[in-house]
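Have a look at my_file30.cif below; it lists mmCIF, C-alpha atoms (C1' of nucleotides).
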```cif
data_final
loop_
_atom_site.label_atom_id
_atom_site.label_comp_id
_atom_site.auth_asym_id
_atom_site.auth_seq_id
_atom_site.Cartn_x
_atom_site.Cartn_y
_atom_site.Cartn_z
CA MET A 1 -15.83 -17.56 0.70
CA THR A 2 -16.19 -19.83 3.68
CA ASP A 3 -14.97 -18.87 7.07
CA THR A 4 -12.58 -21.77 7.14
CA ALA A 5 -11.01 -20.70 3.88
CA ASN A 6 -7.77 -19.10 4.92
CA THR A 7 -6.50 -16.22 2.86
CA GLY A 8 -3.18 -17.03 1.31
CA VAL A 9 -2.96 -20.33 3.13
CA ARG A 10 0.37 -22.00 3.41
CA ALA A 11 -0.90 -25.53 3.86
CA ARG A 12 2.38 -26.80 5.22
CA LEU A 13 1.16 -28.80 8.16
CA ASP A 14 4.21 -30.75 9.21
CA ASP A 15 6.52 -27.78 8.76
CA HIS A 16 4.71 -25.21 10.83
CA ARG A 17 6.70 -22.18 9.88
CA LEU A 18 5.48 -18.63 9.73
CA PRO A 19 1.82 -18.18 8.87
CA ASP A 20 2.43 -15.55 6.23
CA PRO A 21 6.10 -14.88 5.59
CA VAL A 22 5.90 -11.93 3.29
CA PRO A 23 2.95 -9.60 3.02
CA ALA A 24 3.35 -7.88 -0.28
CA GLY A 25 3.98 -8.53 -3.91
CA GLU A 26 6.63 -9.58 -6.30
CA TYR A 27 9.19 -7.54 -8.13
CA GLU A 28 7.46 -8.00 -11.43
CA GLY A 29 8.59 -5.89 -14.28
CA CYS A 30 10.09 -2.76 -12.83
CA PRO A 31 12.28 -3.29 -9.78
CA VAL A 32 11.77 0.32 -8.83
CA THR A 33 8.07 -0.27 -8.33
CA GLY A 34 8.83 -3.21 -6.08
CA VAL A 35 11.12 -1.15 -3.92
CA LEU A 36 8.66 1.69 -3.81
CA ARG A 37 5.95 -0.64 -2.64
CA ARG A 38 8.20 -1.70 0.19
CA VAL A 39 9.00 1.86 1.05
CA GLY A 40 5.34 2.72 0.90
CA ASP A 41 4.61 0.12 3.54
CA LYS A 42 2.87 1.62 6.50
CA TRP A 43 5.52 0.54 8.99
CA ALA A 44 8.54 -0.66 7.04
CA LEU A 45 10.12 2.72 6.54
CA LEU A 46 9.54 3.74 10.13
CA LEU A 47 11.25 0.61 11.37
CA VAL A 48 14.16 1.07 8.99
CA THR A 49 14.60 4.61 10.21
CA LEU A 50 14.53 3.51 13.83
CA LEU A 51 16.96 0.67 13.23
CA GLY A 52 19.16 3.09 11.38
CA GLN A 53 20.04 4.66 14.70
CA ARG A 54 20.79 1.58 16.79
CA PRO A 55 19.77 -2.07 17.22
CA TYR A 56 16.44 -2.72 18.84
CA ARG A 57 14.83 -5.65 20.62
CA PHE A 58 11.36 -6.80 19.70
CA ASN A 59 9.33 -5.24 22.46
CA GLU A 60 11.58 -2.25 22.38
CA LEU A 61 10.40 -1.67 18.82
CA HIS A 62 6.87 -2.43 19.87
CA ARG A 63 7.06 0.32 22.44
CA ALA A 64 8.94 2.73 20.20
CA VAL A 65 6.43 2.63 17.38
CA ASP A 66 3.34 2.52 19.58
CA GLY A 67 0.39 1.96 17.34
CA ILE A 68 1.70 -1.08 15.57
CA SER A 69 0.29 -4.46 16.49
CA GLN A 70 2.49 -7.40 17.37
CA ARG A 71 1.43 -9.08 14.23
CA MET A 72 2.37 -6.26 11.90
CA LEU A 73 5.63 -5.72 13.73
CA THR A 74 6.54 -9.35 13.24
CA ARG A 75 5.42 -9.43 9.64
CA THR A 76 7.15 -6.23 8.70
CA LEU A 77 10.37 -7.30 10.35
CA ARG A 78 10.17 -10.66 8.63
CA THR A 79 9.68 -8.97 5.29
CA LEU A 80 12.58 -6.63 5.86
CA GLU A 81 14.69 -9.58 6.94
CA SER A 82 13.60 -11.53 3.89
CA ASP A 83 14.62 -8.63 1.68
CA GLY A 84 18.02 -8.55 3.27
CA LEU A 85 17.53 -5.14 4.82
CA VAL A 86 17.36 -6.23 8.45
CA ASP A 87 19.31 -8.83 10.39
CA ARG A 88 17.68 -10.81 13.18
CA GLU A 89 19.83 -12.17 15.96
CA VAL A 90 18.55 -14.41 18.72
CA LEU A 91 20.49 -13.87 21.93
CA PRO A 92 20.89 -16.98 24.13
CA THR A 93 19.53 -15.41 27.27
CA SER A 94 17.26 -17.12 29.75
CA PRO A 95 14.19 -15.20 28.65
CA PRO A 96 14.98 -15.28 24.95
CA SER A 97 15.64 -11.86 23.51
CA VAL A 98 15.99 -10.98 19.88
CA GLU A 99 17.87 -8.09 18.42
CA TYR A 100 17.19 -6.47 15.09
CA ARG A 101 19.71 -4.36 13.24
CA LEU A 102 20.16 -3.04 9.72
CA THR A 103 22.29 -4.92 7.26
CA PRO A 104 24.74 -2.95 5.09
CA LEU A 105 22.07 -3.06 2.40
CA GLY A 106 19.59 -1.60 4.85
CA VAL A 107 22.04 1.11 5.81
CA SER A 108 22.53 2.00 2.17
CA LEU A 109 18.81 2.63 1.92
CA LEU A 110 18.93 5.29 4.61
CA GLU A 111 20.41 7.90 2.33
CA PRO A 112 17.86 7.80 -0.52
CA LEU A 113 15.22 7.67 2.16
CA ALA A 114 16.58 10.77 3.80
CA VAL A 115 16.39 12.59 0.48
CA LEU A 116 12.75 11.67 0.07
CA ALA A 117 11.98 12.46 3.69
CA GLY A 118 13.61 15.83 3.20
CA TRP A 119 11.38 16.52 0.24
CA ALA A 120 8.34 15.44 2.22
CA LEU A 121 9.14 17.70 5.13
CA ASP A 122 9.92 20.50 2.76
CA HIS A 123 6.75 20.31 0.70
CA HIS A 124 4.10 18.62 2.76
CA ALA A 125 2.68 21.98 3.71
CA GLU A 126 2.06 22.68 0.04
CA ILE A 127 0.42 19.30 -0.38
CA VAL A 128 -1.87 19.87 2.56
CA ALA A 129 -2.67 23.33 1.23
CA ALA A 130 -3.43 21.88 -2.20
CA ARG A 131 -5.77 19.33 -0.70
CA ARG A 132 -7.68 22.03 1.13
CA ARG A 133 -8.49 24.00 -2.01
CA PRO A 134 -10.92 21.98 -4.16
CA VAL A 135 -10.01 22.88 -7.76
CA MET B 136 -21.23 -12.23 5.68
CA THR B 137 -24.13 -12.09 3.31
CA ASP B 138 -23.76 -11.36 -0.36
CA THR B 139 -25.95 -8.31 -0.09
CA ALA B 140 -23.78 -6.78 2.60
CA ASN B 141 -21.81 -4.14 0.80
CA THR B 142 -18.26 -3.51 1.91
CA GLY B 143 -17.52 0.08 2.78
CA VAL B 144 -20.89 1.42 1.72
CA ARG B 145 -21.17 5.11 1.06
CA ALA B 146 -24.85 5.58 1.84
CA ARG B 147 -24.98 9.08 0.46
CA LEU B 148 -28.01 8.87 -1.76
CA ASP B 149 -28.94 12.46 -2.48
CA ASP B 150 -25.38 13.75 -2.86
CA HIS B 151 -24.03 11.50 -5.56
CA ARG B 152 -20.52 12.85 -5.81
CA LEU B 153 -17.48 10.82 -6.71
CA PRO B 154 -17.70 7.31 -5.41
CA ASP B 155 -14.23 7.45 -3.88
CA PRO B 156 -12.41 10.73 -4.48
CA VAL B 157 -9.13 9.88 -2.89
CA PRO B 158 -7.90 6.36 -2.46
CA ALA B 159 -5.48 6.56 0.38
CA GLY B 160 -5.12 7.87 3.86
CA GLU B 161 -4.54 11.00 5.76
CA TYR B 162 -1.34 12.70 6.70
CA GLU B 163 -1.68 11.78 10.33
CA GLY B 164 1.30 12.34 12.50
CA CYS B 165 4.35 12.09 10.29
CA PRO B 166 4.04 13.83 6.92
CA VAL B 167 6.85 11.67 5.60
CA THR B 168 4.72 8.58 6.02
CA GLY B 169 1.92 10.21 4.09
CA VAL B 170 4.19 11.07 1.21
CA LEU B 171 5.71 7.62 1.26
CA ARG B 172 2.28 6.07 1.05
CA ARG B 173 1.62 8.18 -2.01
CA VAL B 174 4.90 7.20 -3.53
CA GLY B 175 4.23 3.59 -2.72
CA ASP B 176 1.03 3.75 -4.74
CA LYS B 177 0.99 1.15 -7.42
CA TRP B 178 0.60 3.65 -10.25
CA ALA B 179 1.18 7.12 -8.85
CA LEU B 180 4.92 7.07 -9.21
CA LEU B 181 4.76 5.63 -12.68
CA LEU B 182 2.41 8.36 -13.80
CA VAL B 183 4.54 11.07 -12.24
CA THR B 184 7.57 9.70 -14.04
CA LEU B 185 5.73 9.64 -17.34
CA LEU B 186 4.35 13.12 -16.89
CA GLY B 187 7.82 14.28 -15.97
CA GLN B 188 8.78 13.89 -19.59
CA ARG B 189 5.89 15.62 -21.31
CA PRO B 190 2.15 16.29 -20.96
CA TYR B 191 -0.15 13.39 -21.69
CA ARG B 192 -3.79 13.03 -22.59
CA PHE B 193 -6.03 10.59 -20.76
CA ASN B 194 -6.10 7.73 -23.20
CA GLU B 195 -2.52 8.41 -24.05
CA LEU B 196 -1.67 7.59 -20.47
CA HIS B 197 -4.01 4.65 -20.56
CA ARG B 198 -2.09 3.28 -23.50
CA ALA B 199 1.33 4.17 -22.13
CA VAL B 200 0.88 2.39 -18.85
CA ASP B 201 -0.94 -0.61 -20.26
CA GLY B 202 -2.14 -2.66 -17.38
CA ILE B 203 -3.91 0.08 -15.49
CA SER B 204 -7.67 0.20 -15.53
CA GLN B 205 -9.60 3.32 -16.42
CA ARG B 206 -10.80 3.51 -12.91
CA MET B 207 -7.38 3.45 -11.29
CA LEU B 208 -6.02 5.85 -13.88
CA THR B 209 -8.76 8.31 -13.07
CA ARG B 210 -8.46 7.82 -9.35
CA THR B 211 -4.71 8.11 -9.30
CA LEU B 212 -4.75 11.23 -11.47
CA ARG B 213 -7.40 12.76 -9.25
CA THR B 214 -5.34 12.03 -6.18
CA LEU B 215 -2.22 13.50 -7.72
CA GLU B 216 -4.22 16.53 -8.79
CA SER B 217 -5.68 16.83 -5.34
CA ASP B 218 -2.21 16.75 -3.86
CA GLY B 219 -1.11 19.51 -6.19
CA LEU B 220 1.37 17.37 -8.07
CA VAL B 221 -0.50 17.19 -11.36
CA ASP B 222 -2.42 19.80 -13.28
CA ARG B 223 -5.50 18.86 -15.29
CA GLU B 224 -6.47 20.99 -18.26
CA VAL B 225 -9.60 20.48 -20.31
CA LEU B 226 -9.06 21.50 -23.90
CA PRO B 227 -12.15 22.95 -25.64
CA THR B 228 -12.05 20.63 -28.61
CA SER B 229 -15.07 19.06 -30.23
CA PRO B 230 -14.37 15.65 -28.78
CA PRO B 231 -13.27 16.88 -25.37
CA SER B 232 -9.65 16.10 -24.62
CA VAL B 233 -7.88 16.53 -21.33
CA GLU B 234 -4.20 17.09 -20.78
CA TYR B 235 -2.29 16.24 -17.67
CA ARG B 236 1.03 17.78 -16.78
CA LEU B 237 3.19 18.09 -13.68
CA THR B 238 2.95 21.14 -11.50
CA PRO B 239 6.19 22.72 -10.24
CA LEU B 240 5.63 20.78 -7.04
CA GLY B 241 5.34 17.60 -9.08
CA VAL B 242 8.53 18.43 -10.93
CA SER B 243 10.35 18.95 -7.66
CA LEU B 244 9.43 15.42 -6.69
CA LEU B 245 11.23 13.96 -9.69
CA GLU B 246 14.66 14.42 -8.19
CA PRO B 247 14.17 12.61 -4.86
CA LEU B 248 12.37 9.96 -6.85
CA ALA B 249 15.32 9.56 -9.15
CA VAL B 250 17.59 9.03 -6.16
CA LEU B 251 15.38 6.29 -4.83
CA ALA B 252 14.99 4.74 -8.26
CA GLY B 253 18.73 4.74 -8.61
CA TRP B 254 19.08 2.88 -5.35
CA ALA B 255 16.44 0.39 -6.44
CA LEU B 256 18.13 -0.32 -9.73
CA ASP B 257 21.46 -0.56 -7.99
CA HIS B 258 20.44 -2.98 -5.26
CA HIS B 259 17.37 -4.85 -6.40
CA ALA B 260 19.57 -7.74 -7.46
CA GLU B 261 20.74 -8.07 -3.87
CA ILE B 262 17.18 -7.97 -2.64
CA VAL B 263 16.10 -10.67 -5.02
CA ALA B 264 19.13 -12.72 -4.02
CA ALA B 265 18.30 -12.25 -0.35
CA ARG B 266 14.75 -13.40 -0.91
CA ARG B 267 15.95 -16.56 -2.60
CA ARG B 268 18.09 -17.68 0.34
CA PRO B 269 15.81 -18.65 3.24
CA VAL B 270 17.73 -17.64 6.37
"C1'" DC C 271 -12.65 10.80 -25.88
"C1'" DA C 272 -12.87 11.07 -21.00
"C1'" DG C 273 -14.81 9.87 -17.67
"C1'" DC C 274 -18.59 7.89 -13.81
"C1'" DA C 275 -21.33 3.94 -11.42
"C1'" DT C 276 -21.28 -0.89 -9.59
"C1'" DC C 277 -19.94 -5.26 -8.28
"C1'" DC C 278 -16.62 -8.04 -6.51
"C1'" DC C 279 -12.31 -10.14 -4.78
"C1'" DG C 280 -8.11 -10.39 -2.29
"C1'" DA C 281 -4.45 -8.02 0.26
"C1'" DG C 282 -3.39 -5.33 4.25
"C1'" DT C 283 -4.16 -4.66 8.95
"C1'" DG C 284 -5.99 -4.59 13.63
"C1'" DA C 285 -7.74 -7.12 18.02
"C1'" DT C 286 -7.54 -10.83 20.75
"C1'" DA C 287 -6.13 -15.10 22.80
"C1'" DC C 288 -2.62 -18.63 23.26
"C1'" DT C 289 2.41 -20.69 23.54
"C1'" DG C 290 7.61 -21.91 24.23
"C1'" DC D 291 10.02 -11.90 26.15
"C1'" DA D 292 8.99 -13.01 21.54
"C1'" DG D 293 6.29 -14.53 19.07
"C1'" DT D 294 1.96 -17.71 16.72
"C1'" DA D 295 -3.14 -18.65 15.51
"C1'" DT D 296 -7.72 -16.83 14.32
"C1'" DC D 297 -11.18 -13.80 13.30
"C1'" DA D 298 -13.01 -9.82 11.32
"C1'" DC D 299 -13.05 -5.77 8.78
"C1'" DT D 300 -11.55 -2.12 5.56
"C1'" DC D 301 -9.60 -0.70 1.51
"C1'" DG D 302 -6.93 -1.11 -2.81
"C1'" DG D 303 -7.79 -2.40 -7.24
"C1'" DG D 304 -9.73 -5.02 -11.46
"C1'" DA D 305 -13.91 -5.89 -14.73
"C1'" DT D 306 -17.77 -4.26 -16.87
"C1'" DG D 307 -21.29 -1.21 -18.49
"C1'" DC D 308 -23.13 3.53 -19.15
"C1'" DT D 309 -22.90 8.76 -20.14
"C1'" DG D 310 -21.91 13.61 -21.94
#
```

Take the structure in the file and give it back as structure tokens.
Amino acid sequence: MTDTANTGVRARLDDHRLPDPVPAGEYEGCPVTGVLRRVGDKWALLLVTLLGQRPYRFNELHRAVDGISQRMLTRTLRTLESDGLVDREVLPTSPPSVEYRLTPLGVSLLEPLAVLAGWALDHHAEIVAARRRPV
Amino acid sequence: MTDTANTGVRARLDDHRLPDPVPAGEYEGCPVTGVLRRVGDKWALLLVTLLGQRPYRFNELHRAVDGISQRMLTRTLRTLESDGLVDREVLPTSPPSVEYRLTPLGVSLLEPLAVLAGWALDHHAEIVAARRRPV
DNA sequence: CAGCATCCCGAGTGATACTG
DNA sequence: CAGTATCACTCGGGATGCTG
């Protein structure tokens, strides 16, 4: 592998769009797996939860999450947008600001997510305990 | 990067334990994220779903999933066992056979999972449609 | 049968610097 | 402010071969 070899290169020179539009995989076979992979994303769920409360601007999200890099914030938002979960709106202000909000589809995800989050909060102590006792 | 440079070397020579006991990360900060990462595992959820129906033996699982490697099957089962979701029982037969079954904790996960799976089945068509329309 | 040991590749992710 | 371009590094995950 040479250093110049770009991973997952787009090779669209004249149409310089996003460098890497969507991070993760296809919805091959089972659609449930595809959704779960999305949900299992390190940041995706956190962003969805945040946006479930109110719209956020880019740097507002960047500050709110605190630990995420600009790159991953952009990529995750782009993925969520591409999946139709998040809507991106560019406001015509003098310093351009962008607002992100959940789509109806994104809102509909909040409820199943809450169920799983409830389970996690309810049982994570048991999981941690299980991990601490080797066999 | 030279070819001899090993990625993520273990460097524990005298204590040759498992090469990589648990694949994924810690439960830092939010326990929900940790659980979601587990759930987002490529195979973990599939195995939990399978084991939710009845106990399976190792190669039985290997055949049932079909596409998983021995290594990932072992690793995923070990992780699930380590998290207290799956129980591993070695049967004292002449060719040693091992049975895997869900623990009560694992069974309790089936319901939240079903909710999420239901959402996925219900909306994955919208997601696919959203991905096909660029902006 | 049920694993464990290695090698290897690509995806995911962070850090940093630059731009409209 | 809201990104984009690179570089570098780790880790998930597949292939293959060996063992008790």

### Query
Which polymer residues have any atom within 10 Å of an atom of Val128 in chain A, counting only C-alpha atoms (C1' of nucleotides), with same-chain residues fewer than 2 positions away left out, as a list of chain:residue names?
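Within the cut-off, the hits are A:His123, A:His124, A:Ala125, A:Glu126, A:Ala130, A:Arg131, A:Arg132, A:Arg133, B:Glu161, B:Tyr162, B:Pro166, B:Ser217, B:Asp218, B:Gly219.
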
### Message
Which residues would end up in the selection if the PyMOL selection byres ((chain C and resi 279) around 10) were applied here, given that I need the answer as an NGL selection string?
### Response
(:A and (1)) or (:C and (277-278 or 280-281)) or (:D and (303-304))

### Query
Any chance you could work out the residue set of the PyMOL selection byres ((chain B) within 10 of (chain A)) here, as an MDAnalysis selection string?
chainID B and resid 136 161:162 165:178 180:181 214:220 222:223 240 243:244 246:270

### Task
Using the chain letters and numbering of this document, enumerate as a list of chain:residue names the residues selected by the PyMOL selection byres ((chain B) within 7 of (chain C)).
B:Phe193, B:Pro230, B:Pro231, B:Ser232

### Task
Taking all atoms listed in the file into account, report as a list in words which residues of chain D lie within 10 Å of chain A.
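Close enough to count are DC291, DA292, DG293, DT294, DA295, DT296 and DC297 of chain D.
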
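Proximity to DG302 in chain D was assessed for B:Gly202, B:Leu245, B:Glu234, B:Arg210 counting only C-alpha atoms (C1' of nucleotides); the smallest distance is recorded for B:Arg210.
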
### Task
Could you jot down the CA of Ile203 in chain B to CA of Leu182 in chain B separation for me, Å, one decimal place?
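Result for CA of Ile203 in chain B versus CA of Leu182 in chain B: 10.6 Å, one decimal.
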
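What separates CA of Tyr235 in chain B from CA of Leu212 in chain B is a distance of 8.3 Å.
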
Place all heavy atoms on range 33-44 of chain A and deliver the coordinates as a short mmCIF file (atom, residue, chain, number, x, y, z; two decimals), in the frame of the given file.
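Final output, saved to rebuild-v9.cif:
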```
data_model
loop_
_atom_site.label_atom_id
_atom_site.label_comp_id
_atom_site.auth_asym_id
_atom_site.auth_seq_id
_atom_site.Cartn_x
_atom_site.Cartn_y
_atom_site.Cartn_z
N THR A 33 9.41 -0.17 -8.90
CA THR A 33 8.07 -0.27 -8.33
C THR A 33 8.07 -1.17 -7.11
O THR A 33 7.46 -0.85 -6.09
CB THR A 33 7.09 -0.82 -9.38
OG1 THR A 33 7.08 0.06 -10.49
CG2 THR A 33 5.70 -0.93 -8.80
N GLY A 34 8.77 -2.30 -7.21
CA GLY A 34 8.83 -3.21 -6.08
C GLY A 34 9.41 -2.54 -4.85
O GLY A 34 8.85 -2.66 -3.76
N VAL A 35 10.50 -1.83 -5.05
CA VAL A 35 11.12 -1.15 -3.92
C VAL A 35 10.20 -0.08 -3.37
O VAL A 35 10.05 0.08 -2.16
CB VAL A 35 12.46 -0.53 -4.36
CG1 VAL A 35 13.02 0.35 -3.25
CG2 VAL A 35 13.45 -1.63 -4.70
N LEU A 36 9.56 0.63 -4.25
CA LEU A 36 8.66 1.69 -3.81
C LEU A 36 7.50 1.13 -3.00
O LEU A 36 7.07 1.73 -2.02
CB LEU A 36 8.13 2.47 -5.00
CG LEU A 36 8.90 3.72 -5.37
CD1 LEU A 36 8.95 4.70 -4.22
CD2 LEU A 36 10.31 3.39 -5.83
N ARG A 37 7.02 -0.02 -3.40
CA ARG A 37 5.95 -0.64 -2.64
C ARG A 37 6.43 -0.96 -1.24
O ARG A 37 5.69 -0.78 -0.26
CB ARG A 37 5.49 -1.93 -3.32
CG ARG A 37 4.88 -1.70 -4.69
CD ARG A 37 3.51 -1.15 -4.60
NE ARG A 37 2.54 -2.13 -4.13
CZ ARG A 37 1.24 -1.96 -4.15
NH1 ARG A 37 0.75 -0.83 -4.63
NH2 ARG A 37 0.43 -2.88 -3.70
N ARG A 38 7.63 -1.44 -1.13
CA ARG A 38 8.20 -1.70 0.19
C ARG A 38 8.28 -0.42 1.00
O ARG A 38 7.87 -0.37 2.15
CB ARG A 38 9.61 -2.28 0.05
CG ARG A 38 9.65 -3.73 -0.29
CD ARG A 38 9.27 -4.56 0.94
NE ARG A 38 9.35 -5.98 0.62
CZ ARG A 38 8.38 -6.64 0.02
NH1 ARG A 38 7.27 -6.02 -0.32
NH2 ARG A 38 8.52 -7.91 -0.24
N VAL A 39 8.82 0.59 0.36
CA VAL A 39 9.00 1.86 1.05
C VAL A 39 7.65 2.44 1.45
O VAL A 39 7.53 3.08 2.48
CB VAL A 39 9.78 2.83 0.15
CG1 VAL A 39 9.75 4.23 0.71
CG2 VAL A 39 11.22 2.35 0.02
N GLY A 40 6.66 2.21 0.62
CA GLY A 40 5.34 2.72 0.90
C GLY A 40 4.62 1.95 1.99
O GLY A 40 3.53 2.35 2.40
N ASP A 41 5.20 0.87 2.44
CA ASP A 41 4.61 0.12 3.54
C ASP A 41 4.37 1.02 4.73
O ASP A 41 5.15 1.92 5.03
CB ASP A 41 5.56 -1.02 3.96
CG ASP A 41 5.08 -2.35 3.44
OD1 ASP A 41 4.49 -2.37 2.34
OD2 ASP A 41 5.30 -3.36 4.13
N LYS A 42 3.28 0.74 5.40
CA LYS A 42 2.87 1.62 6.50
C LYS A 42 3.94 1.69 7.58
O LYS A 42 4.17 2.74 8.16
CB LYS A 42 1.56 1.10 7.10
CG LYS A 42 0.93 2.05 8.07
CD LYS A 42 -0.46 1.58 8.43
CE LYS A 42 -1.14 2.56 9.38
NZ LYS A 42 -2.51 2.13 9.72
N TRP A 43 4.61 0.57 7.85
CA TRP A 43 5.52 0.54 8.99
C TRP A 43 6.97 0.34 8.59
O TRP A 43 7.88 0.71 9.32
CB TRP A 43 5.14 -0.58 9.94
CG TRP A 43 3.72 -0.54 10.37
CD1 TRP A 43 2.72 -1.39 9.99
CD2 TRP A 43 3.10 0.41 11.26
NE1 TRP A 43 1.54 -1.04 10.59
CE2 TRP A 43 1.74 0.06 11.37
CE3 TRP A 43 3.57 1.52 11.95
CZ2 TRP A 43 0.85 0.77 12.15
CZ3 TRP A 43 2.69 2.22 12.74
CH2 TRP A 43 1.34 1.85 12.84
N ALA A 44 7.19 -0.24 7.43
CA ALA A 44 8.54 -0.66 7.04
C ALA A 44 9.55 0.48 7.15
O ALA A 44 10.61 0.33 7.77
CB ALA A 44 8.52 -1.21 5.62
#
```
